[in-house]
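Visitor: The structure is given below, and queries will be raised subsequently.
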Amino acid sequence: MRITMTKLLRFLFVCAVTVVIAGCGFVGITLWYFARDLPDYQQLAHYEPPIMTRVHAGDGRLLAEYATERRLFVPIQSIPKPVINAFLSAEDKNFYTHRGVDPISILRAALMDVGRWRANRRPVGASTITQQVAKNMLLSNEISVARKIKEILLATRIEAALPKDRILELYLNEIYLGAHAYGVAAAALTYFDRSLDELSLGEAAFLAGLPKAPNRYNPVRDPEAAKARRNWVLERMLDDGLASPRQVAEAEAQPLEPQHRQHEDQVKAPYFAEEVRRELVTRYGDKELYGAGLSVRTSLDERLQADADKALRAGLIAYDHSHGGWRGAVARIDPKGDWAARLAAVPVPAVASDVGWQLAIVIRSEPDGAAIGFANGATARIPFSEMRWARPRYANGTLGSAPRGAGDVVKAGDVVMVKPLNASSAKPDPGNGKPAGLYTLCQVPEVSGGLVAMDPHTGRVLAVSGGFSFATSQFDRATQAKRQPGSSIKPFVYLTALDHGFTPSTLVVDGPISLPQGPGMPMWSPTNYTKRGQEVRYRGPTPLRVALEQSLNTVTARVASVVGMDAIARTVERFGIMDHMPREYSMALGAGETTLLRHTAAYAMLVNGGKKITPSFIDRIQDRNGATIFRADQRPCEECNNVLWQHQPVPVVPDTREQVADPGSAFQIVTMLQGVVERGTGKVVAAVGKPIAGKTGTTNDWRDAWFVGFSPDLAAGVYIGFDDPDSLGDDETGGHLAAPVFRDFMIAALKDAPATAFRTPPGMRLYRVSAVTGLPVGANQPAIYEAYKPGTEPGQNRNSGSQRAAGEGPDAEDEDAMPLASTVGGGNDLTGQPPPPRGAPASGTGGLY
């Protein structure tokens, strides 16, 4: 019996040892099998989670954010202790004591999962924070035994390789917390519009309760469930000794009130932001833009951007009111009964939200206006004066007669877009004598346009308005649309002439002219602009200044024939208006194509003295660590970096800009463009009331309308036209359409700026001359001060009729000025007079071309 018992025990021992060995072998083989293709956990030591790229305006305010995962990375040292404690209590209270896996939690979860498995419910997790880091950053969300084994293996290896604080830092910055927020910092902004150090204990507990089921505990979707989850986390913190009973009681008593991020502090400039985004993609690619956490400081001026948007929209609406006609209501609903509920169900057009319009239902039309209502039940009125423009538009595009009453425009049940009138326009309601809510009828213009403003000395783009609304069209007419500039190209034709010996007073014949276009082509015979049905008029011998002020085509063509299209093309290319300008005479009248941005930059180079600038939207880019990786200003300045301020003199930064035009010639063009505003085609701009210069531009059939100009320290350009080129209407010129927009923008932009005269370069001579004839005049006669380079001054009345500018510097040598060469044989083709002898300067009063 004893032998039998011994054998049995021996047998059982052998079996046990065999089972243990087999078990160990099975475990070992299992671990080997799953460990052979584990991801490289060592990468976590240097892992940088994808974080948002943030773009800021010039004053530091937020302009845009770009991210695939909306995340702000915060080092563990900067995360407040209550936030850390809340997550530890909710997710892994033994985090700082286990080795990556918590066996007790696993056993507890296994026992719970038996019952849940029988009920066909999803098993509960027992993952530590380290396991969650392994799953979220190295594995998938697959629910399987294989994934769980890999998760455990990785967790143990991560614990051996990384310190606890680094693991917790990765977790708190990587975890998804709902509402497109990744990481605790982004979630704090998303749910409460606060930074981490501003969160209350209850708010920190709410965030800590989200990882389990972010969508289920969303406080907007299910506030009761969210509050219960928050309170559960608070009780766990109390049990773990991480919060006192008083703190927990106070936190549980507080309501859970999410505060969505306020956008009032975010600059609204979508066209500008999109231009920056495209540049960042070009520089760094999509991956870097949406995940590298770049900090981008732009040149945007928020005030000027708002002024630009307002001026452009007002100009487009004004054109639409006079030409577009009323294209009908947004929708129609039953105006009887609960019309407010039915109105609330009508989708709000994106453009309405973008430009600040509202949807309203016409309750009834009246002889002097229409009664309207809003989705909140409020009522107001549209005076007939605010819809008098709304002529009916028929299917063939023609416009009907002007409406005689509100009933000709809107009917009861029409859903229309409206915006409030200014308070000053509100009139007393006839019923009670109190001011009634007055609104104006709105519709999106079919015509479009762009406006750009920049610093002429640096090229920093300060504002871009690329259309009526970014919500309706992301195409940027300021930077992407290539259009013919028309007469706004003429200053560069005349600049070339000034570099070739002309002066602003040089007389050029304004008369019929025909120029060859090449073999087999008909002669090109431009004429001056006249209104439809009027006879073309010519002035005869005309000063160059007057020709530019009045935008005389024949004078410009004659100048082009004298100086040559090759020289003009080189000027245009040097100023960046076009990369390769065809050497054709029609180009001198703006037949080529350019963008508003490039054209405005060219004008900026005129007012800055002929210095080359490149339009820039970005001032500086920093990486996620704050290191500057791009700076637009590349001027060398060793004394500007890492310098302790001890009241030493400010470093002198060298001017490295390339000189693309003679400063004297550029200044002469500036004064001539000032005359365009004072006496010429841009007189409407004179209402700015400060020194302004610029030029109108109109293309054939009135398809494009331009005005580009500047003050001494601000350049701006305006373009108006249809996206599918079409006539804007008879006599709708740049002076009628674009110039008023430019004027309104400049009035707003310069309202607080002092009146500053255009800067005169050294060596220029200013003489009193007639603005009409260019001849010197006496002291008591109407005159302007004309600028001349040394050696080109008027030859008459130099002691009595002309004056030198105060504080004038020394004479400047005009090395680039060339005599009017006899390249056009004999001169008789142009004026009937021989050309001046080679080497003779073209004086202010001599020479007729």
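How things are named: the first chain in the structure tokens is A, the next is B, and so on; residues count from 1 in each chain; ligands count from 1 in the order shown.
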Need the shell around Cys442 (chain A): protein/DNA/RNA residues with any atom at most 12 Å away, counting only C-alpha atoms. Skip same-chain ones fewer than 6 positions apart. Format as a CSV table (one decimal) with N, CA and C atoms, in the first residue's frame?

Guide:
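And here is the file that came out, result.csv:
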```csv
chain,number,residue,atom,x,y,z
A,313,ARG,N,-16.9,94.7,-50.0
A,313,ARG,CA,-18.3,94.2,-50.0
A,313,ARG,C,-19.3,95.3,-50.3
A,314,ALA,N,-19.0,96.5,-49.8
A,314,ALA,CA,-19.9,97.6,-50.1
A,314,ALA,C,-19.9,98.0,-51.6
A,316,LEU,N,-19.1,95.9,-54.1
A,316,LEU,CA,-19.8,94.8,-54.9
A,316,LEU,C,-21.3,94.9,-54.7
A,317,ILE,N,-21.8,95.2,-53.5
A,317,ILE,CA,-23.2,95.3,-53.3
A,317,ILE,C,-23.8,96.5,-54.1
A,318,ALA,N,-23.0,97.6,-54.1
A,318,ALA,CA,-23.5,98.8,-54.8
A,318,ALA,C,-23.6,98.5,-56.3
A,320,ASP,N,-24.1,95.5,-57.6
A,320,ASP,CA,-25.2,94.6,-57.8
A,320,ASP,C,-26.5,95.3,-57.7
A,321,HIS,N,-26.7,96.2,-56.9
A,321,HIS,CA,-27.9,97.0,-56.7
A,321,HIS,C,-28.2,97.7,-58.0
A,324,GLY,N,-27.5,94.2,-61.0
A,324,GLY,CA,-27.8,92.8,-60.8
A,324,GLY,C,-29.2,92.4,-60.8
A,325,GLY,N,-30.1,93.3,-60.3
A,325,GLY,CA,-31.5,93.0,-60.2
A,325,GLY,C,-31.8,92.0,-59.1
A,326,TRP,N,-33.0,91.8,-58.8
A,326,TRP,CA,-33.4,91.0,-57.7
A,326,TRP,C,-33.6,89.5,-58.2
A,327,ARG,N,-32.9,88.6,-57.6
A,327,ARG,CA,-32.9,87.2,-58.1
A,327,ARG,C,-33.8,86.3,-57.3
A,328,GLY,N,-34.6,86.9,-56.4
A,328,GLY,CA,-35.6,86.1,-55.7
A,328,GLY,C,-35.2,85.7,-54.3
A,329,ALA,N,-36.2,85.1,-53.6
A,329,ALA,CA,-36.1,84.7,-52.2
A,329,ALA,C,-35.2,83.4,-52.1
A,330,VAL,N,-34.7,83.2,-50.9
A,330,VAL,CA,-33.9,82.0,-50.6
A,330,VAL,C,-34.8,80.8,-50.6
A,351,VAL,N,-23.1,81.9,-46.5
A,351,VAL,CA,-22.7,83.3,-46.7
A,351,VAL,C,-23.3,84.2,-45.7
A,352,ALA,N,-24.5,83.9,-45.2
A,352,ALA,CA,-25.2,84.7,-44.2
A,352,ALA,C,-24.4,84.8,-42.9
A,355,VAL,N,-21.0,86.8,-43.5
A,355,VAL,CA,-21.0,88.3,-43.6
A,355,VAL,C,-21.9,89.0,-42.6
A,356,GLY,N,-22.5,88.2,-41.7
A,356,GLY,CA,-23.4,88.8,-40.7
A,356,GLY,C,-24.8,89.1,-41.1
A,357,TRP,N,-25.3,88.3,-42.0
A,357,TRP,CA,-26.7,88.5,-42.4
A,357,TRP,C,-27.6,87.5,-41.7
A,358,GLN,N,-28.9,87.7,-41.7
A,358,GLN,CA,-29.9,86.9,-41.0
A,358,GLN,C,-31.0,86.4,-42.0
A,359,LEU,N,-31.6,85.3,-41.7
A,359,LEU,CA,-32.7,84.8,-42.5
A,359,LEU,C,-34.0,85.4,-41.8
A,360,ALA,N,-34.9,85.9,-42.7
A,360,ALA,CA,-36.2,86.4,-42.2
A,360,ALA,C,-37.3,86.0,-43.1
A,382,ILE,N,-38.7,96.0,-43.3
A,382,ILE,CA,-37.8,96.5,-44.4
A,382,ILE,C,-38.4,97.6,-45.0
A,386,GLU,N,-35.2,100.5,-48.9
A,386,GLU,CA,-34.1,99.5,-48.8
A,386,GLU,C,-34.3,98.4,-49.8
A,387,MET,N,-35.4,98.4,-50.6
A,387,MET,CA,-35.6,97.4,-51.7
A,387,MET,C,-35.9,98.1,-53.0
A,388,ARG,N,-35.8,99.4,-53.0
A,388,ARG,CA,-36.1,100.1,-54.3
A,388,ARG,C,-35.2,99.7,-55.4
A,389,TRP,N,-34.0,99.2,-55.1
A,389,TRP,CA,-33.1,98.7,-56.1
A,389,TRP,C,-33.5,97.4,-56.8
A,390,ALA,N,-34.4,96.7,-56.2
A,390,ALA,CA,-34.6,95.3,-56.5
A,390,ALA,C,-35.5,95.2,-57.8
A,415,VAL,N,-38.7,83.8,-47.8
A,415,VAL,CA,-37.6,83.8,-46.9
A,415,VAL,C,-36.4,84.5,-47.5
A,416,VAL,N,-36.0,85.6,-46.9
A,416,VAL,CA,-35.0,86.4,-47.5
A,416,VAL,C,-33.8,86.7,-46.5
A,417,MET,N,-32.7,87.2,-47.0
A,417,MET,CA,-31.6,87.5,-46.2
A,417,MET,C,-31.6,89.0,-45.9
A,418,VAL,N,-31.4,89.4,-44.7
A,418,VAL,CA,-31.5,90.8,-44.3
A,418,VAL,C,-30.3,91.1,-43.4
A,419,LYS,N,-30.0,92.4,-43.3
A,419,LYS,CA,-29.1,92.9,-42.3
A,419,LYS,C,-29.6,94.2,-41.7
A,420,PRO,N,-29.3,94.5,-40.4
A,420,PRO,CA,-29.9,95.7,-39.8
A,420,PRO,C,-29.3,96.9,-40.4
A,421,LEU,N,-30.1,98.0,-40.4
A,421,LEU,CA,-29.7,99.3,-40.8
A,421,LEU,C,-29.0,99.9,-39.6
```

Visitor: Pick from A:Phe745, A:Tyr171, A:Phe272, A:Phe630: nearest to Ala134 (chain A), with only C-alpha atoms counted?

Guide: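 Once distances to Ala134 (chain A) are computed over only C-alpha atoms, the minimum belongs to A:Tyr171.
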
Visitor: Extract, using only C-alpha atoms, all DNA, RNA and protein residues at most 12 Å from Ala340 (chain A), discarding same-chain residues fewer than 3 positions from it, and format them as number ranges by chain.

Guide: A: 333-337, 343-346, 359-363, 372-379, 413, 415

Visitor: Output N, CA and C atoms for every residue in the selection just made, as a short mmCIF file (atom, residue, chain, number, x, y, z; two decimals), in the first residue's frame.

Guide:
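Output contents, as saved in selection.cif:
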```cif
data_model
loop_
_atom_site.label_atom_id
_atom_site.label_comp_id
_atom_site.auth_asym_id
_atom_site.auth_seq_id
_atom_site.Cartn_x
_atom_site.Cartn_y
_atom_site.Cartn_z
N ILE A 333 -41.97 79.59 -47.32
CA ILE A 333 -42.65 78.78 -46.32
C ILE A 333 -44.01 79.40 -46.04
N ASP A 334 -44.85 78.67 -45.33
CA ASP A 334 -46.19 79.15 -45.00
C ASP A 334 -46.08 80.26 -43.96
N PRO A 335 -46.58 81.47 -44.26
CA PRO A 335 -46.45 82.57 -43.30
C PRO A 335 -47.51 82.54 -42.19
N LYS A 336 -48.40 81.57 -42.22
CA LYS A 336 -49.46 81.52 -41.22
C LYS A 336 -49.05 80.62 -40.06
N GLY A 337 -49.68 80.83 -38.92
CA GLY A 337 -49.44 79.98 -37.76
C GLY A 337 -48.04 80.16 -37.20
N LEU A 343 -39.40 78.70 -40.05
CA LEU A 343 -38.22 79.46 -40.48
C LEU A 343 -36.95 78.87 -39.87
N ALA A 344 -37.06 78.43 -38.62
CA ALA A 344 -35.89 77.85 -37.95
C ALA A 344 -35.41 76.58 -38.65
N ALA A 345 -36.30 75.91 -39.35
CA ALA A 345 -35.93 74.67 -40.06
C ALA A 345 -35.29 74.94 -41.41
N VAL A 346 -35.32 76.18 -41.88
CA VAL A 346 -34.71 76.51 -43.17
C VAL A 346 -33.19 76.60 -42.98
N LEU A 359 -31.56 85.28 -41.70
CA LEU A 359 -32.72 84.85 -42.47
C LEU A 359 -33.98 85.41 -41.83
N ALA A 360 -34.89 85.85 -42.66
CA ALA A 360 -36.16 86.40 -42.16
C ALA A 360 -37.27 85.97 -43.11
N ILE A 361 -38.48 85.86 -42.56
CA ILE A 361 -39.66 85.56 -43.38
C ILE A 361 -40.45 86.85 -43.58
N VAL A 362 -40.94 87.03 -44.77
CA VAL A 362 -41.81 88.17 -45.04
C VAL A 362 -43.21 87.79 -44.53
N ILE A 363 -43.65 88.49 -43.50
CA ILE A 363 -44.98 88.20 -42.93
C ILE A 363 -46.06 88.82 -43.80
N ILE A 372 -41.31 91.72 -41.42
CA ILE A 372 -40.53 90.48 -41.44
C ILE A 372 -40.45 89.90 -40.03
N GLY A 373 -40.16 88.60 -39.97
CA GLY A 373 -40.00 87.92 -38.69
C GLY A 373 -38.78 87.04 -38.70
N PHE A 374 -38.28 86.74 -37.50
CA PHE A 374 -37.07 85.94 -37.35
C PHE A 374 -37.39 84.63 -36.63
N ALA A 375 -36.41 83.73 -36.64
CA ALA A 375 -36.63 82.40 -36.07
C ALA A 375 -36.90 82.44 -34.58
N ASN A 376 -36.47 83.48 -33.90
CA ASN A 376 -36.74 83.60 -32.47
C ASN A 376 -38.08 84.26 -32.17
N GLY A 377 -38.86 84.55 -33.22
CA GLY A 377 -40.18 85.14 -33.04
C GLY A 377 -40.21 86.65 -33.09
N ALA A 378 -39.04 87.29 -33.11
CA ALA A 378 -38.99 88.75 -33.18
C ALA A 378 -39.44 89.22 -34.56
N THR A 379 -39.93 90.45 -34.60
CA THR A 379 -40.39 91.02 -35.87
C THR A 379 -39.68 92.35 -36.12
N GLY A 413 -44.44 84.97 -47.02
CA GLY A 413 -43.91 83.61 -47.08
C GLY A 413 -42.52 83.54 -47.68
N VAL A 415 -38.68 83.76 -47.81
CA VAL A 415 -37.56 83.76 -46.87
C VAL A 415 -36.40 84.50 -47.54
#
```

Visitor: Hey, what's within 12 Å of Arg277 (chain A) if we count only C-alpha atoms and toss same-chain stuff fewer than 6 positions away? As a list in words, please?

Guide: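 What passes the distance filter is Thr53, Arg54, Val55, His56, Leu63, Ala64, Glu65, Tyr66, Ala67, Pro270, Tyr271, Arg283, Tyr284, Gly285, Asp286, Glu288, Leu289, Tyr290, Leu294, Val296, Thr298, Phe617 and Ile618 of chain A.
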
Visitor: Any idea what the distance is between CA of Ser505 (chain A) and CA of Arg545 (chain A)?

Guide: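 About the pair CA of Ser505 (chain A) and CA of Arg545 (chain A): they are 6.4 Å apart.
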